[in-house]
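To start, the structure itself, in structure tokens.
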Amino acid sequence: MDVLAEATRRREAGYPVISMAVGQPSHPAPKAALEAARTALGHGRLGYTDALGTVSLRTAIARHYLTRYGVEVDPQRVAVTTGSSAGFNLAFLALFDPGDCVAIARPGYPAYRNILGALGLNVVEVEAGAETGFTLTPESLEAAALKAGRPLNGVLLASPANPTGTVTGKTALKALTDYCAMRGIAFISDEIYHGLTFAGEETTALSVTDEAVVINSFSKYYCMTGWRIGWMVLPQAKVRAFERIAQSLYISPPELSQIAAEAALDCEEELDRYKASYAANRDLLMKRLPQIGFSIASPMDGAFYAYADVSRFTNDSMDFARRMLAEIDVAATPGLDFDPGEGHRYIRFSYAGAHADMIEAMDRIGRWLE
């Protein structure tokens with residue numbers, strides 16, 4: 001985040017910064033979502049909703065699971081949240097007690113580690129490298145629990161994953177959920193990059209179990225980061241506990257964002273055109289990064305990130321990222337954010353931006369490292 005803040009300062013000072021540091025889609029929210037919001041602003045009757053969201057949006061999200069995945073979901077199991085970040089807060093508070101152990105993949109999204117730690121939970125980071133298919137496995141979880149000397153209380157898996165882009169297929173996902181179910185371990189499935197899968201089998205955890213807590217968002221595929229709106233699908237027995245915490249922390253998700261989000265669910269054709277632009281960026285980076293001298297460290301199967309090994313040029317990815325920004329105005333995220341152990345060798349490049357910017361960024365980096 002330090003690199004991102006400096007990139008913002010430089011851009012505001014007039015420098016030609018290209019940011020590949022954040023997963024911010026370059027496209028606007030879908031047209032129908034914007035129009036629905038304009039209409040709502042026109043009548044102005046916006047206020048609190050039910051803590052878990054409007055019945056209309058919860059029903060639309062349940063319908064989405066049937067049409068996209070062939071999975072039936074009771075709308076009462078759907079909880080609308082103030083972005084996926086609120087979903088993680090709610091899940092960690094509702095499922096765990098201070099001192100519990102929760103396993104996450106390393107490398108992985110740094111906010112998991114930070115929020116879990118802030119809540120007094122023990123983070124068990126499990127290496128997810130080539131030998132495990134860049135994902136968690138029952139074997140890797142078993143080994144991590146033995147090393148920790150304590151049983152796991154929770155497992156959190158992202159697919160597609162940030163920063164690796166890993167997509168965990170249905171068979172592997174079922175093995176994980178079965179492992180957790182047999183041991184009474186809560187399973188949280190981070191699916192915020194669903195819709196942005198380019199290779200592999202995009203599977204919702206709801207297709208293999210009703211006991212997972214699924215977290216999703218309108219930020220990535222739906223291009224609505226600033227609207228701060230997401231959702232969860234909960235085990236039926238957990239709904240009331242989540243609702244009570246949500247009422248106390250958030251009162252309700254913003255009604256304007258809920259209205260726009262419901263409209264966005266019907267914009268798949270427009271959004272898939274946006275996805276095609278990310279695919280073009282992905283193809284570009286898959287070609288140019290190795291040409292420049294970076295090796296791609298993990299599959300770019302989903303999300304919109306390339307996790308690159310930069311050890312040919314540096315053993316300090318933080319310093320490398322700072323110099324790259326200061327000297328050529330290209331911002332990327334140092335791997336230490338995602339992996340405190342080995343991240344000094346890696347940089348994450350986001351390819352969610354405009355194609356012309358991606359071309360220019362690759363050209364700048366190539367010239368810089370000649």
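Naming scheme: A, B, ... for chains in displayed order of the structure tokens; residues 1 onward per chain; ligands 1 onward as shown.
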Subject >> Non-local contacts of A:Arg77 (7 Å; only C-alpha atoms; under 5 positions in same chain excluded) as a PyMOL selection string >> reply: chain A and resi 233-236+239
Residue selection dump (N, CA and C atoms) as an mmCIF file, in the first residue's frame:
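Saved the output as out26.cif:
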data_model
loop_
_atom_site.group_PDB
_atom_site.id
_atom_site.type_symbol
_atom_site.label_atom_id
_atom_site.label_comp_id
_atom_site.auth_asym_id
_atom_site.auth_seq_id
_atom_site.Cartn_x
_atom_site.Cartn_y
_atom_site.Cartn_z
ATOM 1 N N VAL A 233 -22.866 -16.187 1.007
ATOM 2 C CA VAL A 233 -23.866 -17.252 1.135
ATOM 3 C C VAL A 233 -23.454 -18.077 2.346
ATOM 4 N N LEU A 234 -24.391 -18.244 3.267
ATOM 5 C CA LEU A 234 -24.085 -18.801 4.584
ATOM 6 C C LEU A 234 -24.769 -20.151 4.791
ATOM 7 N N PRO A 235 -24.183 -21.016 5.609
ATOM 8 C CA PRO A 235 -24.932 -22.188 6.067
ATOM 9 C C PRO A 235 -26.193 -21.727 6.790
ATOM 10 N N GLN A 236 -27.282 -22.429 6.573
ATOM 11 C CA GLN A 236 -28.557 -21.988 7.136
ATOM 12 C C GLN A 236 -28.474 -21.760 8.643
ATOM 13 N N VAL A 239 -27.025 -18.182 9.760
ATOM 14 C CA VAL A 239 -27.556 -16.915 9.249
ATOM 15 C C VAL A 239 -27.848 -15.927 10.370
#
**OP:** If you run DSSP over the backbone, which residues in stretch 61-233 of chain A end up strand (DSSP E or B)? Put them as a PyMOL selection string.
**Re:** chain A and resi 78-81+101-106+122-127+154-158+186-190+197+213-217+230-233
Which residues of stretch 111-197 of chain A come within 6 Å of stretch 93-99 of chain A, and for each one, what is the closest pair of atoms and their distance in Å to one decimal, counting only C-alpha atoms, sorted by chain and residue number, as JSON lines?
{"residue": "A:Gly120", "atom": "CA", "partner": "A:Pro98", "partner_atom": "CA", "distance": 4.8}
{"residue": "A:Leu121", "atom": "CA", "partner": "A:Gly99", "partner_atom": "CA", "distance": 4.8}
{"residue": "A:Asn122", "atom": "CA", "partner": "A:Gly99", "partner_atom": "CA", "distance": 5.8}
Prev. selection, N, CA, C and O atoms, output as an mmCIF file, in the first residue's frame:
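Everything below was put into result-v1.cif:
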data_model
loop_
_atom_site.group_PDB
_atom_site.id
_atom_site.type_symbol
_atom_site.label_atom_id
_atom_site.label_comp_id
_atom_site.auth_asym_id
_atom_site.auth_seq_id
_atom_site.Cartn_x
_atom_site.Cartn_y
_atom_site.Cartn_z
ATOM 1 N N GLY A 120 -7.175 -11.271 17.117
ATOM 2 C CA GLY A 120 -6.627 -12.188 18.102
ATOM 3 C C GLY A 120 -6.630 -13.635 17.677
ATOM 4 O O GLY A 120 -6.554 -14.546 18.518
ATOM 5 N N LEU A 121 -6.708 -13.875 16.368
ATOM 6 C CA LEU A 121 -6.679 -15.234 15.840
ATOM 7 C C LEU A 121 -5.270 -15.580 15.390
ATOM 8 O O LEU A 121 -4.495 -14.713 14.984
ATOM 9 N N ASN A 122 -4.939 -16.861 15.460
ATOM 10 C CA ASN A 122 -3.622 -17.336 15.045
ATOM 11 C C ASN A 122 -3.656 -17.696 13.559
ATOM 12 O O ASN A 122 -4.463 -18.540 13.147
#
Kindly provide the residues of stretch 269-301 of chain A that approach stretch 126-135 of chain A to within 10 Å, each paired with its closest atom pair and their distance in Å to one decimal, based on only C-alpha atoms, listed by chain and increasing number, as a tab-separated table.
residue	atom	partner	partner_atom	distance
A:Ala297	CA	A:Ala130	CA	8.9
A:Ser298	CA	A:Phe134	CA	7.0
A:Pro299	CA	A:Phe134	CA	8.1
Just all heavy atoms for this one: save the residues we selected as a PDB file, in the first residue's frame.
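selection25.pdb was written with the following content:
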ATOM      1  N   ALA A 297       5.655 -16.850 -11.912  1.00  0.00           N
ATOM      2  CA  ALA A 297       5.847 -17.782 -10.802  1.00  0.00           C
ATOM      3  C   ALA A 297       4.684 -18.740 -10.595  1.00  0.00           C
ATOM      4  O   ALA A 297       4.848 -19.754  -9.924  1.00  0.00           O
ATOM      5  CB  ALA A 297       6.096 -16.994  -9.518  1.00  0.00           C
ATOM      6  N   SER A 298       3.525 -18.432 -11.144  1.00  0.00           N
ATOM      7  CA  SER A 298       2.346 -19.262 -10.896  1.00  0.00           C
ATOM      8  C   SER A 298       1.380 -19.106 -12.064  1.00  0.00           C
ATOM      9  O   SER A 298       1.492 -18.173 -12.868  1.00  0.00           O
ATOM     10  CB  SER A 298       1.664 -18.831  -9.590  1.00  0.00           C
ATOM     11  OG  SER A 298       1.313 -17.463  -9.633  1.00  0.00           O
ATOM     12  N   PRO A 299       0.406 -19.998 -12.176  1.00  0.00           N
ATOM     13  CA  PRO A 299      -0.519 -19.927 -13.309  1.00  0.00           C
ATOM     14  C   PRO A 299      -1.327 -18.633 -13.293  1.00  0.00           C
ATOM     15  O   PRO A 299      -1.801 -18.204 -12.243  1.00  0.00           O
ATOM     16  CB  PRO A 299      -1.439 -21.134 -13.091  1.00  0.00           C
ATOM     17  CG  PRO A 299      -0.740 -22.013 -12.133  1.00  0.00           C
ATOM     18  CD  PRO A 299       0.107 -21.137 -11.283  1.00  0.00           C
TER      19      PRO A 299
END
Original post:
Got a sec: who's within 7 Å of stretch 243-253 of chain A, counting only C-alpha atoms, leaving out chain neighbours fewer than 6 positions off, as a VMD selection string?
Top reply: chain A and resid 48 to 53 80 to 82 90
Subject >> Selection near A:Gly341, 10 Å with only C-alpha atoms, sequence-local residues under 4 positions removed, as an MDAnalysis selection string >> reply: chainID A and resid 106:107 127 335:336 345
Original post:
Can you tell me, as a list in words, what residues are no more than 10 Å from A:Tyr278 when counting only C-alpha atoms, ignoring any on the same chain fewer than 5 positions away?
Top reply: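 In the requested format, the answer is Pro25, Ser26, Leu196, Phe198, Asp272, Arg273, Asp283, Leu284, Ala303, Phe304, Tyr305, Ser350, Tyr351, Ala352, Gly353, Ala354 and His355 of chain A.
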Write the residues of the preceding selection, restricted to C-alpha atoms, as a PDB file, in the first residue's frame.
ATOM      1  CA  PRO A  25     -10.817  -2.452 -13.171  1.00  0.00           C
ATOM      2  CA  SER A  26     -10.308   0.233 -15.796  1.00  0.00           C
ATOM      3  CA  LEU A 196     -12.587 -13.700 -14.322  1.00  0.00           C
ATOM      4  CA  PHE A 198      -9.321 -17.725 -18.232  1.00  0.00           C
ATOM      5  CA  ASP A 272     -17.760 -10.280 -20.707  1.00  0.00           C
ATOM      6  CA  ARG A 273     -16.562  -7.659 -23.200  1.00  0.00           C
ATOM      7  CA  ASP A 283      -1.746 -12.471 -23.243  1.00  0.00           C
ATOM      8  CA  LEU A 284       0.500  -9.412 -23.438  1.00  0.00           C
ATOM      9  CA  ALA A 303      -8.214 -12.876 -11.515  1.00  0.00           C
ATOM     10  CA  PHE A 304      -6.093 -10.209 -13.271  1.00  0.00           C
ATOM     11  CA  TYR A 305      -2.617 -10.577 -11.805  1.00  0.00           C
ATOM     12  CA  SER A 350      -2.146  -6.111 -12.053  1.00  0.00           C
ATOM     13  CA  TYR A 351      -3.338  -6.192 -15.654  1.00  0.00           C
ATOM     14  CA  ALA A 352      -6.765  -4.720 -14.949  1.00  0.00           C
ATOM     15  CA  GLY A 353      -5.863  -1.431 -16.642  1.00  0.00           C
ATOM     16  CA  ALA A 354      -6.237  -0.120 -20.178  1.00  0.00           C
ATOM     17  CA  HIS A 355      -4.421  -2.128 -22.864  1.00  0.00           C
TER      18      HIS A 355
END
Original post:
Using the chain letters and numbers from this document, which residues of stretch 81-147 of chain A does DSSP assign to helix (DSSP H, G or I), as a ChimeraX atom specification?
Top reply: /A:83-95,110-118,130-132,138-147
**OP:** Measuring atom to atom with only C-alpha atoms, identify which of A:Arg348, A:Arg58, A:Lys31, A:Lys238 is nearest to A:Ser317.
**Re:**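 Using only C-alpha atoms, the shortest distance to A:Ser317 belongs to A:Arg348.
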Subject >> Using only C-alpha atoms: which of A:Ile185, A:Ile18, A:Leu119, A:Ile328 has the shortest distance to A:Ala356 >> reply: A:Ile18
Subject >> Which of A:Gly302, A:Gly195, A:Arg11, A:Gly343 sits closest to A:Met318 [using only C-alpha atoms] >> reply: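 Nearest to A:Met318: A:Gly343.
Of the listed residues A:Glu255, A:Glu360, A:Glu202, A:Asp2, the one whose atoms come nearest to A:Leu285 is A:Glu360, with distances taken using only C-alpha atoms.
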Subject >> Point-to-point distance from atom CA of A:Tyr193 to atom CA of A:Pro290, Å rounded to tenths >> reply: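 Here the two named atoms are 24.9 Å from each other.
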Write out as a PDB file with C-alpha atoms, in the first residue's frame each polymer residue whose atoms come within 12 Å of A:Glu142, counting only C-alpha atoms; drop sequence neighbours fewer than 6 positions from it.
ATOM      1  CA  ALA A 103      -5.126 -21.563   7.747  1.00  0.00           C
ATOM      2  CA  VAL A 124      -1.347 -20.540   9.973  1.00  0.00           C
ATOM      3  CA  VAL A 126       0.475 -22.780   4.387  1.00  0.00           C
ATOM      4  CA  LEU A 136      -4.220 -25.755  -0.407  1.00  0.00           C
ATOM      5  CA  ALA A 148       1.556 -25.503  14.509  1.00  0.00           C
ATOM      6  CA  GLY A 149       1.023 -28.068  17.239  1.00  0.00           C
ATOM      7  CA  ARG A 150      -2.668 -27.265  17.344  1.00  0.00           C
ATOM      8  CA  PRO A 151      -5.764 -28.298  15.381  1.00  0.00           C
ATOM      9  CA  LEU A 152      -7.129 -25.938  12.780  1.00  0.00           C
ATOM     10  CA  VAL A 155      -9.514 -22.727   6.447  1.00  0.00           C
ATOM     11  CA  LEU A 176     -10.727 -29.687   0.923  1.00  0.00           C
ATOM     12  CA  TYR A 179     -11.381 -32.726   4.948  1.00  0.00           C
ATOM     13  CA  CYS A 180     -12.770 -29.752   6.859  1.00  0.00           C
ATOM     14  CA  ARG A 183     -12.730 -32.426  11.407  1.00  0.00           C
ATOM     15  CA  ILE A 185     -13.176 -27.035  10.578  1.00  0.00           C
TER      16      ILE A 185
END
**OP:** Work out how far atom CA of A:Tyr274 is from atom CA of A:Gly23, in Å to one decimal.
**Re:**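 Distance reported for this atom pair: 14.1 Å.
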Original post:
Out of A:Gly14, A:Gly165, A:His194, A:Phe242, which residue has the shortest atom-to-atom distance to A:Tyr222 when counting only C-alpha atoms?
Top reply: A:His194
Subject >> Selection: 8 Å around A:Gly200, only C-alpha atoms, excl. self and same-chain fewer than 2 positions, as JSON, numbers by chain >> reply: {"A": [167, 168, 169, 197, 198, 202, 301]}
With N, CA and C atoms retained, export the selected residues as a short mmCIF file (atom, residue, chain, number, x, y, z; two decimals), in the first residue's frame.
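Writing the result to result.cif gives the following:
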data_model
loop_
_atom_site.label_atom_id
_atom_site.label_comp_id
_atom_site.auth_asym_id
_atom_site.auth_seq_id
_atom_site.Cartn_x
_atom_site.Cartn_y
_atom_site.Cartn_z
N VAL A 167 -6.65 -21.25 -9.99
CA VAL A 167 -8.05 -21.68 -9.98
C VAL A 167 -8.09 -23.10 -9.44
N THR A 168 -8.79 -23.30 -8.34
CA THR A 168 -8.91 -24.62 -7.73
C THR A 168 -10.15 -25.30 -8.28
N GLY A 169 -9.95 -26.44 -8.96
CA GLY A 169 -11.05 -27.15 -9.61
C GLY A 169 -11.96 -27.88 -8.63
N THR A 197 -12.16 -16.02 -14.88
CA THR A 197 -11.38 -17.24 -15.06
C THR A 197 -11.06 -17.41 -16.54
N PHE A 198 -9.77 -17.61 -16.86
CA PHE A 198 -9.32 -17.72 -18.23
C PHE A 198 -8.88 -19.15 -18.58
N GLU A 202 -13.81 -23.08 -13.06
CA GLU A 202 -14.35 -22.18 -12.04
C GLU A 202 -15.49 -22.87 -11.31
N ASP A 301 -4.29 -18.22 -14.30
CA ASP A 301 -5.54 -18.84 -14.76
C ASP A 301 -6.77 -17.98 -14.49
#
